[in-house]
Amino acid sequence: MTAAVEFIGVSRHFGPASAPVKAVDGVDLTIAEGSFFAMLGPSGSGKTTCLRLISGFEKPTGGAIRIFGQDVSNVPPNRRNVNTVFQDYALFPHMNVRDNVAYGLMVKGVDRRTREARAEDMLALVKLDGYGDRKPAQLSGGQRQRVALARALVNEPKVLLLDEPLGALDLKLREAMQDELKALQMRLGITFVFVTHDQSEALSMADSLAVFNEGRIAQIGTPAQVYAQPRTRFVADFVGSSNVLSPDVTRAFGGPSKWSSLRPETLRLVPADGLALAGTVTTIRYLGANSRVSVNLLGTEVAALLPAGQTAPEPGATVGLSFDPTALHVMDEA
Amino acid sequence: MTSAPAILPERGIADRLTAIFWRHPRLLLFVLLTPPLLWLGVVYLGSLLALLLQSFYSIDDFSGVVKEEFTLKTYAELFRAQNLDIILRTLLMSAAVTIGCAIIAFPIAYFAARFARGRWKAVFYLGVMLPLWSSYLVKVYAWKLILAKEGIITWAAEGVGLSMILNAILAIPGIGGNSLSTSPMGTFIVFVYVWLPYMILPMQASLERVPNSMLEASADLGASKAQTFRTVILPLAMPGMIAGSIFTFSLTMGDYIIPQIVGTSARFIGLAVYQLQGTAGNIPLAAAFAVVPIIIMLIYLTIAKRKGAFDAL
Amino acid sequence: MHSDRASLGLKIAAVGGLLFLHLPILLIFLYAFTTEDKSYQFPPPGLTTQWFGVAWNREDIWPPLYLSLSVATIATFIAMILGTLVSAAMARTSFFGREQISLLIILPIALPGVITGMSLRSAFSIMDIPFSTWTIILGHATFCIVIVYNNAVARFRRLSGGILEASADLGANSFQTFRYVLLPNLGTALLAGGMLAFALSFDEVIVTTFTAGQQSTLPIWMLQELVRPRQRPVTNVVAIVVFTATFIPILIAYYLTRSGSETAGAGK
């Protein structure tokens, strides 16, 4: 399998060389062709800059970027066969939907009949047939996003970049679009790279993902790997809000003297009958399908998920914690 | 469908230039900025420097020829009694016009900002904008017609039997005169009229930023209308008023058309500059006179900036 | 709020203020029809339309009108190019000296006209440049740049920056982006700026008197008539022409930009 996008020691620093702001700092990354790749991280972690480095709106201050094996250091955005679905969609307000979608073909010199027919096909693909004559201002947020998608896909890009594509949509629409995007990607076979700060979105849609923190990649892998075996405290906490246990607490849980991660859903509440692992319930957060119970144990807050239907203990009660020892994931960080 | 190349070929000169601008974004900035900066730098800044330079030259008293040697003699001339008179008179007029504009502008700005809605908002906006932009000279001319001895004001005063009052005003020494169109009073009225929109717009802008909730809060706390006005609305309108005053003050100070057409023959800075460079041919003294408003405005702007007036611009 | 309605006194003061701004102009029109041409007698002793014919046949009006039109046209053209360039540079990027440049653009209109005029006059005198149509244009274009700039930069700010990137992303080169995306979105703002610049230039008298030498633009012709009146109603006819030539572009500029947040002319 070829690499669609490769980052080789890529950095993007802003500001003076003496005190640079390192938006992206020495990133190595390979995105396989045909994959649905997520860049996950909090805001300011460098994920959007990485996306803009691929599209060409940012230039690396160090390292090299290859798209399908070709170095793109000297290739401006308009010559990269890569298209972007922008966060705010960036539809052309003065053009109707059809002209928006046909724009990429127009600037490449495709004749009007052909490009309009192709635009209509694309609108059908994103379920917007019949909307060609409307102006972007007359569309809803979800519809605008589909137009942005069609406008990018009509160019048959080698890589489609999506910058927080679902951020502006409400919850229900977002879930529907997640399924649609996934289906579309499988059908077209185009490499999708999308940026998000929403870990559940990244886990559910991507077939591999990179977790960004402070301009660097903290971990790269499949969603299952990243979720079950976080490499760092940051990843454990950011992806799935795991219990991050200090070396001391890890030892109390029966592990080595290292940092570890213990997923809340692997912890069970049991009566506190003289067990070593017992603590005081501090807060209970009702989440619908389950409740998140925080227990103060050895001075550390440890969260456990209590399935709905089970009676929750009162805050202040003493409870014991039991867990499957294999669930305790010990990290490399000392 | 993924058979297309990842990198599209370069098509022609346009693509090549695009790539150059992309690789060197400063180059594009340079290309964009060079023509306008050359123009403003050479034509405008160059001229301002020339003005400064001229003001340090002097004129030969006998031959009337400009001596191109550095001297402070010309600036010293500004301190002669008659010239100080001109500067003082101009400052007084500018201050009076500014206050007059502020008083008339306030109700208009306040109404437009707080009560005008929909159609009326547009009416007020256009109603202020059109006089702002429409011909300056035509506006001045209109007042020449109005203030003339045989004009509409005299006629109206006679019609309603107020000639006495008009004559009484004209009899006041210092501001009165033969008729309104030949009195300092007339000059003042025309100045106020012509620069009024410059006061209304920034004032309205700063009043529009006063949230209704703040006025309601003041009322809730038991303030009377007068108290609310004095303690809440007026201070909040202040930045706009100062911003507007920059215009009214500066424009009055530099004007030389209005005192020429409506008023006595008493000179103002603008008129002095105009006459000195023209009929008198004393360009150095004209230049030195022109530097005076620049210095006054610099002082004025420094004070205004401290009061936060620029946020309302 | 104890009253959501304006008090009667405020209403009277506000509407009265607006009328104060507008009524005087009407007199210009009235006096163009008066039969009295030696004084500004009110009410006019009689009404006639003869002055329009007289004005039409006055040889001394046509050259200034022609000069004013050509100066305003050329100055507007130059200002539109320079103003657009500088607004494009200033709209998005931040660079060293940006503040200074914005001050430099605004200065010609922030300082009283007499200073701009006297400065140009000093420069022409030092460099021995003879007065000509071009010396007038030089001054006009300088203070018109800021008008175009204000309009264009406001629109640039409102434009979503994303659409220029989107255009490049979709394969357009810089020139295509300019033609298909930037120009259509900037067009009305530029046109409005041009209209206002034209109005400003056509009407300008303060700077012009310092840069015109022996030539007369229409406002200078008017000024001479004001100082030494001959046939007064003819001056009114010319005033109507000047008023119309500024009023119409202003209205057009207003309608071009009224839908946006940056309605033209809010700052002169």
# chains A, B, ... in the order shown; residues from 1 in each chain; ligands from 1

$ residues_around --residues "segment 38-54 of chain C" --least-positions-apart "5" --cutoff "7 Å" --atoms "only C-alpha atoms" --output "PyMOL selection string"
(chain B and resi 145+148+150-152+155) or (chain C and resi 32-33+232-234+237)

$ write_last_selection --atoms "C-alpha atoms" --output "tab-separated table (two decimals), in the first residue's frame"
chain	number	residue	atom	x	y	z
B	145	LEU	CA	-28.55	83.56	0.47
B	148	ALA	CA	-28.06	88.26	3.29
B	150	GLU	CA	-32.34	91.34	2.04
B	151	GLY	CA	-32.61	87.55	2.55
B	152	ILE	CA	-35.01	85.14	4.15
B	155	TRP	CA	-37.86	88.80	5.83
C	32	ALA	CA	-32.23	79.81	-9.57
C	33	PHE	CA	-35.69	80.92	-10.71
C	232	ARG	CA	-26.40	85.68	-9.27
C	233	PRO	CA	-29.09	83.24	-10.49
C	234	VAL	CA	-26.59	81.79	-12.98
C	237	VAL	CA	-27.88	77.12	-11.79

$ interface_residues --of "chain C" --to "chain A" --cutoff "8 Å" --atoms "only C-alpha atoms" --output "VMD selection string"
chain C and resid 160 162 to 163 165 to 173 176 181 184 to 185

$ write_last_selection --atoms "N, CA and C atoms" --output "mmCIF file, in the first residue's frame"
data_model
loop_
_atom_site.group_PDB
_atom_site.id
_atom_site.type_symbol
_atom_site.label_atom_id
_atom_site.label_comp_id
_atom_site.auth_asym_id
_atom_site.auth_seq_id
_atom_site.Cartn_x
_atom_site.Cartn_y
_atom_site.Cartn_z
ATOM 1 N N SER C 160 -15.309 36.473 4.241
ATOM 2 C CA SER C 160 -14.709 35.355 4.950
ATOM 3 C C SER C 160 -13.380 35.038 4.274
ATOM 4 N N GLY C 162 -11.735 32.577 4.315
ATOM 5 C CA GLY C 162 -11.732 31.220 3.789
ATOM 6 C C GLY C 162 -11.995 31.135 2.299
ATOM 7 N N ILE C 163 -12.796 32.076 1.751
ATOM 8 C CA ILE C 163 -13.165 31.882 0.349
ATOM 9 C C ILE C 163 -11.982 32.066 -0.595
ATOM 10 N N GLU C 165 -8.875 31.158 0.199
ATOM 11 C CA GLU C 165 -8.161 29.888 0.325
ATOM 12 C C GLU C 165 -8.938 28.789 -0.387
ATOM 13 N N ALA C 166 -10.267 28.821 -0.245
ATOM 14 C CA ALA C 166 -11.071 27.787 -0.889
ATOM 15 C C ALA C 166 -10.835 27.807 -2.387
ATOM 16 N N SER C 167 -10.749 29.015 -2.945
ATOM 17 C CA SER C 167 -10.546 29.124 -4.380
ATOM 18 C C SER C 167 -9.212 28.499 -4.785
ATOM 19 N N ALA C 168 -8.156 28.812 -4.051
ATOM 20 C CA ALA C 168 -6.850 28.226 -4.353
ATOM 21 C C ALA C 168 -6.889 26.719 -4.164
ATOM 22 N N ASP C 169 -7.575 26.301 -3.114
ATOM 23 C CA ASP C 169 -7.676 24.877 -2.811
ATOM 24 C C ASP C 169 -8.333 24.122 -3.967
ATOM 25 N N LEU C 170 -9.296 24.788 -4.626
ATOM 26 C CA LEU C 170 -10.024 24.127 -5.709
ATOM 27 C C LEU C 170 -9.285 24.218 -7.042
ATOM 28 N N GLY C 171 -8.075 24.790 -6.996
ATOM 29 C CA GLY C 171 -7.241 24.756 -8.187
ATOM 30 C C GLY C 171 -7.093 26.076 -8.910
ATOM 31 N N ALA C 172 -7.651 27.161 -8.374
ATOM 32 C CA ALA C 172 -7.544 28.445 -9.066
ATOM 33 C C ALA C 172 -6.198 29.086 -8.783
ATOM 34 N N ASN C 173 -5.572 29.674 -9.803
ATOM 35 C CA ASN C 173 -4.361 30.438 -9.543
ATOM 36 C C ASN C 173 -4.752 31.830 -9.029
ATOM 37 N N GLN C 176 -7.081 33.886 -11.258
ATOM 38 C CA GLN C 176 -8.457 33.370 -11.299
ATOM 39 C C GLN C 176 -9.187 33.702 -10.004
ATOM 40 N N VAL C 181 -13.493 35.351 -7.636
ATOM 41 C CA VAL C 181 -13.943 35.374 -6.234
ATOM 42 C C VAL C 181 -13.782 36.767 -5.611
ATOM 43 N N PRO C 184 -15.802 39.929 -7.718
ATOM 44 C CA PRO C 184 -17.262 39.967 -7.554
ATOM 45 C C PRO C 184 -17.694 40.335 -6.137
ATOM 46 N N ASN C 185 -16.896 39.958 -5.151
ATOM 47 C CA ASN C 185 -17.277 40.262 -3.780
ATOM 48 C C ASN C 185 -16.867 41.667 -3.359
#

$ select_by_dssp --residues "segment 31-256 of chain A" --states "alpha helix (DSSP H)" --output "PyMOL selection string"
chain A and resi 47-55+97-107+112-125+141-153+171-188+199-205+223-228+233-238+247-252

$ interface_residues --of "chain B" --to "chain A" --cutoff "6 Å" --atoms "only C-alpha atoms" --output "JSON, numbers by chain"
{"B": [6, 7, 8, 19]}

$ interface_residues --of "chain B" --to "chain C" --cutoff "6 Å" --atoms "only C-alpha atoms" --output "JSON, numbers by chain"
{"B": [15, 18, 29, 32, 33, 36, 47, 48, 50, 51, 107, 108, 134, 135, 138, 142, 145, 150, 151, 152, 216, 251, 254, 290]}

$ write_last_selection --atoms "N, CA, C and O atoms" --output "CSV table (one decimal), in the first residue's frame"
chain,number,residue,atom,x,y,z
B,15,ASP,N,0.1,30.4,-13.5
B,15,ASP,CA,0.4,29.4,-12.5
B,15,ASP,C,1.8,29.6,-11.9
B,15,ASP,O,2.1,29.5,-10.7
B,18,THR,N,1.7,32.6,-9.6
B,18,THR,CA,1.0,32.1,-8.4
B,18,THR,C,2.0,31.4,-7.5
B,18,THR,O,2.0,31.7,-6.2
B,29,LEU,N,3.1,41.3,-1.0
B,29,LEU,CA,2.8,42.5,-0.2
B,29,LEU,C,3.6,43.7,-0.8
B,29,LEU,O,3.0,44.8,-0.9
B,32,LEU,N,1.9,44.9,-3.9
B,32,LEU,CA,0.7,45.6,-3.6
B,32,LEU,C,1.0,47.0,-3.0
B,32,LEU,O,0.3,47.9,-3.4
B,33,LEU,N,1.9,47.1,-2.1
B,33,LEU,CA,2.1,48.3,-1.4
B,33,LEU,C,3.0,49.3,-2.1
B,33,LEU,O,2.8,50.5,-1.8
B,36,PRO,N,1.0,52.5,-4.0
B,36,PRO,CA,0.3,53.5,-3.2
B,36,PRO,C,1.3,54.1,-2.2
B,36,PRO,O,1.2,55.3,-2.0
B,47,SER,N,5.4,66.6,0.2
B,47,SER,CA,4.9,67.9,0.2
B,47,SER,C,4.9,68.4,1.7
B,47,SER,O,5.2,69.6,1.9
B,48,LEU,N,4.6,67.6,2.6
B,48,LEU,CA,4.6,68.0,4.0
B,48,LEU,C,6.0,68.5,4.4
B,48,LEU,O,6.2,69.5,5.1
B,50,ALA,N,8.2,69.6,2.3
B,50,ALA,CA,8.4,70.8,1.6
B,50,ALA,C,7.8,72.0,2.4
B,50,ALA,O,8.4,73.1,2.5
B,51,LEU,N,6.6,71.7,3.0
B,51,LEU,CA,6.0,72.8,3.8
B,51,LEU,C,6.8,73.1,5.0
B,51,LEU,O,7.1,74.3,5.2
B,107,PRO,N,-29.2,65.9,20.3
B,107,PRO,CA,-30.6,65.3,20.2
B,107,PRO,C,-30.7,64.4,18.9
B,107,PRO,O,-31.4,63.4,19.0
B,108,ILE,N,-30.1,64.9,17.8
B,108,ILE,CA,-30.2,64.1,16.6
B,108,ILE,C,-29.5,62.7,16.8
B,108,ILE,O,-30.1,61.7,16.5
B,134,SER,N,-22.6,66.1,0.5
B,134,SER,CA,-23.0,66.9,-0.6
B,134,SER,C,-22.1,68.2,-0.6
B,134,SER,O,-21.5,68.6,0.3
B,135,SER,N,-22.2,68.9,-1.8
B,135,SER,CA,-21.2,69.9,-2.1
B,135,SER,C,-21.1,70.9,-1.0
B,135,SER,O,-22.0,71.6,-0.6
B,138,VAL,N,-21.8,74.6,-2.2
B,138,VAL,CA,-23.2,74.8,-2.4
B,138,VAL,C,-23.8,75.1,-1.0
B,138,VAL,O,-24.7,76.0,-0.9
B,142,ALA,N,-25.7,78.5,0.0
B,142,ALA,CA,-27.0,78.6,0.5
B,142,ALA,C,-27.1,79.5,1.7
B,142,ALA,O,-28.1,80.3,1.8
B,145,LEU,N,-27.2,83.1,0.9
B,145,LEU,CA,-28.5,83.6,0.5
B,145,LEU,C,-29.4,83.8,1.7
B,145,LEU,O,-30.2,84.8,1.8
B,150,GLU,N,-31.0,91.3,2.6
B,150,GLU,CA,-32.3,91.3,2.0
B,150,GLU,C,-32.9,89.9,2.0
B,150,GLU,O,-33.9,89.7,1.3
B,151,GLY,N,-32.3,89.0,2.7
B,151,GLY,CA,-32.6,87.6,2.6
B,151,GLY,C,-33.7,87.1,3.4
B,151,GLY,O,-34.5,87.9,4.0
B,152,ILE,N,-33.8,85.8,3.6
B,152,ILE,CA,-35.0,85.1,4.1
B,152,ILE,C,-35.1,85.4,5.6
B,152,ILE,O,-36.2,85.5,6.2
B,216,GLU,N,-31.7,50.9,31.8
B,216,GLU,CA,-32.7,50.3,32.6
B,216,GLU,C,-32.2,50.1,34.0
B,216,GLU,O,-32.9,50.3,35.0
B,251,LEU,N,-11.4,71.1,11.2
B,251,LEU,CA,-11.9,71.7,9.9
B,251,LEU,C,-12.2,73.2,10.0
B,251,LEU,O,-11.9,73.9,9.1
B,254,GLY,N,-8.9,75.1,9.7
B,254,GLY,CA,-8.2,75.1,8.4
B,254,GLY,C,-9.0,75.8,7.3
B,254,GLY,O,-8.5,76.0,6.2
B,290,ALA,N,0.7,77.5,8.3
B,290,ALA,CA,0.0,76.2,8.1
B,290,ALA,C,0.5,75.2,9.1
B,290,ALA,O,-0.2,74.2,9.4

$ atom_distance --atom1 "atom CA of Leu190 of chain C" --atom2 "atom CA of Gly161 of chain C"
17.9 Å

$ atom_distance --atom1 "atom CA of Gly194 of chain C" --atom2 "atom CA of Thr208 of chain C"
19.2 Å

$ residues_around --residues "Gly186 of chain B" --least-positions-apart "2" --cutoff "10 Å" --atoms "only C-alpha atoms" --output "ChimeraX atom specification"
/B:143-144,146-148,170,175-177,179-184,188-192,258-259,262-264

$ select_by_dssp --residues "segment 49-78 of chain B" --states "strand (DSSP E)" --output "compact mmCIF listing (two decimals) with all heavy atoms, in the first residue's frame"
# COMPACT_ATOMS: atom_id res chain seq x y z
N SER B 58 12.90 82.31 4.59
CA SER B 58 12.34 83.62 4.89
C SER B 58 12.22 84.40 3.59
O SER B 58 12.69 83.96 2.53
CB SER B 58 13.23 84.37 5.86
OG SER B 58 14.48 84.59 5.23
N ILE B 59 11.58 85.54 3.68
CA ILE B 59 11.43 86.34 2.47
C ILE B 59 12.25 87.62 2.63
O ILE B 59 12.32 88.19 3.72
CB ILE B 59 9.93 86.64 2.22
CG1 ILE B 59 9.73 87.06 0.77
CG2 ILE B 59 9.41 87.69 3.16
CD1 ILE B 59 8.35 86.73 0.29
N VAL B 66 12.13 84.72 -2.07
CA VAL B 66 12.33 83.76 -0.99
C VAL B 66 13.81 83.45 -0.86
O VAL B 66 14.48 83.12 -1.83
CB VAL B 66 11.54 82.46 -1.28
CG1 VAL B 66 11.84 81.43 -0.22
CG2 VAL B 66 10.06 82.75 -1.36
N LYS B 67 14.34 83.62 0.38
CA LYS B 67 15.74 83.27 0.64
C LYS B 67 15.77 81.84 1.15
O LYS B 67 15.22 81.53 2.19
CB LYS B 67 16.34 84.21 1.70
CG LYS B 67 16.79 85.54 1.13
CD LYS B 67 17.72 86.26 2.10
CE LYS B 67 16.97 86.65 3.35
NZ LYS B 67 17.72 87.59 4.20

$ residues_around --residues "segment 285-296 of chain A" --least-positions-apart "4" --cutoff "8 Å" --atoms "only C-alpha atoms" --output "PyMOL selection string"
chain A and resi 279-281+300-308+312+319

$ write_last_selection --atoms "all heavy atoms" --output "PDB file, in the first residue's frame"
ATOM      1  N   GLY A 279     -12.647   3.363  49.107  1.00  0.00           N
ATOM      2  CA  GLY A 279     -12.548   4.820  49.191  1.00  0.00           C
ATOM      3  C   GLY A 279     -13.906   5.432  49.444  1.00  0.00           C
ATOM      4  O   GLY A 279     -14.914   4.726  49.591  1.00  0.00           O
ATOM      5  N   THR A 280     -13.924   6.776  49.444  1.00  0.00           N
ATOM      6  CA  THR A 280     -15.148   7.503  49.732  1.00  0.00           C
ATOM      7  C   THR A 280     -15.732   8.057  48.455  1.00  0.00           C
ATOM      8  O   THR A 280     -15.013   8.663  47.646  1.00  0.00           O
ATOM      9  CB  THR A 280     -14.855   8.665  50.701  1.00  0.00           C
ATOM     10  OG1 THR A 280     -13.963   8.186  51.704  1.00  0.00           O
ATOM     11  CG2 THR A 280     -16.115   9.198  51.332  1.00  0.00           C
ATOM     12  N   VAL A 281     -17.032   7.872  48.279  1.00  0.00           N
ATOM     13  CA  VAL A 281     -17.703   8.427  47.094  1.00  0.00           C
ATOM     14  C   VAL A 281     -17.744   9.947  47.241  1.00  0.00           C
ATOM     15  O   VAL A 281     -18.191  10.466  48.263  1.00  0.00           O
ATOM     16  CB  VAL A 281     -19.119   7.855  46.950  1.00  0.00           C
ATOM     17  CG1 VAL A 281     -19.848   8.530  45.799  1.00  0.00           C
ATOM     18  CG2 VAL A 281     -19.060   6.346  46.760  1.00  0.00           C
ATOM     19  N   THR A 300      -6.484  10.162  45.445  1.00  0.00           N
ATOM     20  CA  THR A 300      -6.694  10.332  44.013  1.00  0.00           C
ATOM     21  C   THR A 300      -8.169  10.093  43.686  1.00  0.00           C
ATOM     22  O   THR A 300      -8.789   9.207  44.265  1.00  0.00           O
ATOM     23  CB  THR A 300      -5.854   9.308  43.222  1.00  0.00           C
ATOM     24  OG1 THR A 300      -4.510   9.399  43.680  1.00  0.00           O
ATOM     25  CG2 THR A 300      -5.916   9.574  41.741  1.00  0.00           C
ATOM     26  N   GLU A 301      -8.703  10.910  42.783  1.00  0.00           N
ATOM     27  CA  GLU A 301     -10.074  10.676  42.332  1.00  0.00           C
ATOM     28  C   GLU A 301     -10.058   9.577  41.281  1.00  0.00           C
ATOM     29  O   GLU A 301      -9.379   9.685  40.260  1.00  0.00           O
ATOM     30  CB  GLU A 301     -10.656  11.957  41.710  1.00  0.00           C
ATOM     31  CG  GLU A 301     -10.906  13.082  42.699  1.00  0.00           C
ATOM     32  CD  GLU A 301     -12.142  12.860  43.557  1.00  0.00           C
ATOM     33  OE1 GLU A 301     -13.149  12.329  43.027  1.00  0.00           O
ATOM     34  OE2 GLU A 301     -12.099  13.199  44.758  1.00  0.00           O
ATOM     35  N   VAL A 302     -10.776   8.526  41.508  1.00  0.00           N
ATOM     36  CA  VAL A 302     -10.875   7.433  40.547  1.00  0.00           C
ATOM     37  C   VAL A 302     -12.335   7.303  40.150  1.00  0.00           C
ATOM     38  O   VAL A 302     -13.214   7.275  41.012  1.00  0.00           O
ATOM     39  CB  VAL A 302     -10.379   6.106  41.156  1.00  0.00           C
ATOM     40  CG1 VAL A 302     -10.546   4.967  40.163  1.00  0.00           C
ATOM     41  CG2 VAL A 302      -8.916   6.238  41.563  1.00  0.00           C
ATOM     42  N   ALA A 303     -12.589   7.281  38.808  1.00  0.00           N
ATOM     43  CA  ALA A 303     -13.970   7.213  38.342  1.00  0.00           C
ATOM     44  C   ALA A 303     -14.318   5.801  37.920  1.00  0.00           C
ATOM     45  O   ALA A 303     -13.498   5.087  37.343  1.00  0.00           O
ATOM     46  CB  ALA A 303     -14.172   8.173  37.178  1.00  0.00           C
ATOM     47  N   ALA A 304     -15.554   5.400  38.245  1.00  0.00           N
ATOM     48  CA  ALA A 304     -16.060   4.107  37.808  1.00  0.00           C
ATOM     49  C   ALA A 304     -17.402   4.324  37.148  1.00  0.00           C
ATOM     50  O   ALA A 304     -18.147   5.221  37.540  1.00  0.00           O
ATOM     51  CB  ALA A 304     -16.199   3.168  38.988  1.00  0.00           C
ATOM     52  N   LEU A 305     -17.703   3.519  36.123  1.00  0.00           N
ATOM     53  CA  LEU A 305     -18.994   3.650  35.460  1.00  0.00           C
ATOM     54  C   LEU A 305     -19.947   2.618  36.041  1.00  0.00           C
ATOM     55  O   LEU A 305     -19.637   1.425  36.117  1.00  0.00           O
ATOM     56  CB  LEU A 305     -18.854   3.437  33.958  1.00  0.00           C
ATOM     57  CG  LEU A 305     -18.264   4.604  33.166  1.00  0.00           C
ATOM     58  CD1 LEU A 305     -18.312   4.285  31.678  1.00  0.00           C
ATOM     59  CD2 LEU A 305     -18.990   5.906  33.466  1.00  0.00           C
ATOM     60  N   LEU A 306     -21.100   3.092  36.463  1.00  0.00           N
ATOM     61  CA  LEU A 306     -22.098   2.225  37.078  1.00  0.00           C
ATOM     62  C   LEU A 306     -23.241   2.071  36.086  1.00  0.00           C
ATOM     63  O   LEU A 306     -23.879   3.062  35.731  1.00  0.00           O
ATOM     64  CB  LEU A 306     -22.565   2.881  38.376  1.00  0.00           C
ATOM     65  CG  LEU A 306     -23.432   2.072  39.299  1.00  0.00           C
ATOM     66  CD1 LEU A 306     -22.639   0.917  39.918  1.00  0.00           C
ATOM     67  CD2 LEU A 306     -23.979   2.969  40.396  1.00  0.00           C
ATOM     68  N   PRO A 307     -23.498   0.856  35.570  1.00  0.00           N
ATOM     69  CA  PRO A 307     -24.570   0.702  34.573  1.00  0.00           C
ATOM     70  C   PRO A 307     -25.912   1.143  35.153  1.00  0.00           C
ATOM     71  O   PRO A 307     -26.151   1.021  36.357  1.00  0.00           O
ATOM     72  CB  PRO A 307     -24.573  -0.786  34.270  1.00  0.00           C
ATOM     73  CG  PRO A 307     -23.245  -1.287  34.725  1.00  0.00           C
ATOM     74  CD  PRO A 307     -22.843  -0.417  35.865  1.00  0.00           C
ATOM     75  N   ALA A 308     -26.802   1.663  34.267  1.00  0.00           N
ATOM     76  CA  ALA A 308     -28.115   2.111  34.707  1.00  0.00           C
ATOM     77  C   ALA A 308     -28.865   0.937  35.311  1.00  0.00           C
ATOM     78  O   ALA A 308     -28.699  -0.208  34.898  1.00  0.00           O
ATOM     79  CB  ALA A 308     -28.891   2.694  33.530  1.00  0.00           C
ATOM     80  N   ALA A 312     -27.100   3.500  42.942  1.00  0.00           N
ATOM     81  CA  ALA A 312     -25.864   4.229  43.176  1.00  0.00           C
ATOM     82  C   ALA A 312     -25.691   4.468  44.665  1.00  0.00           C
ATOM     83  O   ALA A 312     -26.658   4.667  45.381  1.00  0.00           O
ATOM     84  CB  ALA A 312     -25.911   5.552  42.427  1.00  0.00           C
ATOM     85  N   VAL A 319     -16.983   2.733  49.601  1.00  0.00           N
ATOM     86  CA  VAL A 319     -17.185   1.617  48.674  1.00  0.00           C
ATOM     87  C   VAL A 319     -15.853   0.969  48.347  1.00  0.00           C
ATOM     88  O   VAL A 319     -14.800   1.585  48.469  1.00  0.00           O
ATOM     89  CB  VAL A 319     -17.861   2.071  47.362  1.00  0.00           C
ATOM     90  CG1 VAL A 319     -19.289   2.554  47.597  1.00  0.00           C
ATOM     91  CG2 VAL A 319     -17.034   3.160  46.678  1.00  0.00           C
TER      92      VAL A 319
END

$ atom_distance --atom1 "atom CA of Thr74 of chain B" --atom2 "atom CA of Ser250 of chain B"
23.2 Å

$ residues_around --residues "Ser245 of chain B" --least-positions-apart "4" --cutoff "10 Å" --atoms "only C-alpha atoms" --output "list in words"
Ser94, Ala95, Val97, Thr98, Ile99, Cys101, Ala102, Trp195, Leu196, Tyr198, Met199, Pro202, Met203, Pro239, Gly240, Met241, Phe249, Ser250, Leu251, Tyr300, Ala304 and Ala309 of chain B

$ decode --residues "segment 143-153 of chain B" --atoms "N, CA and C atoms" --output "CSV table (one decimal), in the first residue's frame"
chain,number,residue,atom,x,y,z
B,143,TRP,N,-26.2,79.5,2.5
B,143,TRP,CA,-26.2,80.4,3.7
B,143,TRP,C,-25.9,81.8,3.4
B,144,LYS,N,-25.2,82.0,2.3
B,144,LYS,CA,-25.0,83.4,1.9
B,144,LYS,C,-26.4,84.0,1.5
B,145,LEU,N,-27.2,83.1,0.9
B,145,LEU,CA,-28.5,83.6,0.5
B,145,LEU,C,-29.4,83.8,1.7
B,146,ILE,N,-29.3,82.9,2.7
B,146,ILE,CA,-30.1,83.0,3.9
B,146,ILE,C,-29.8,84.2,4.7
B,147,LEU,N,-28.5,84.4,4.9
B,147,LEU,CA,-28.1,85.4,5.8
B,147,LEU,C,-28.0,86.9,5.2
B,148,ALA,N,-28.2,86.9,3.9
B,148,ALA,CA,-28.1,88.3,3.3
B,148,ALA,C,-29.0,89.3,3.9
B,149,LYS,N,-28.6,90.5,3.9
B,149,LYS,CA,-29.5,91.6,4.5
B,149,LYS,C,-30.9,91.6,4.0
B,150,GLU,N,-31.0,91.3,2.6
B,150,GLU,CA,-32.3,91.3,2.0
B,150,GLU,C,-32.9,89.9,2.0
B,151,GLY,N,-32.3,89.0,2.7
B,151,GLY,CA,-32.6,87.6,2.6
B,151,GLY,C,-33.7,87.1,3.4
B,152,ILE,N,-33.8,85.8,3.6
B,152,ILE,CA,-35.0,85.1,4.1
B,152,ILE,C,-35.1,85.4,5.6
B,153,ILE,N,-34.0,85.5,6.3
B,153,ILE,CA,-34.0,85.7,7.8
B,153,ILE,C,-34.6,87.1,8.1
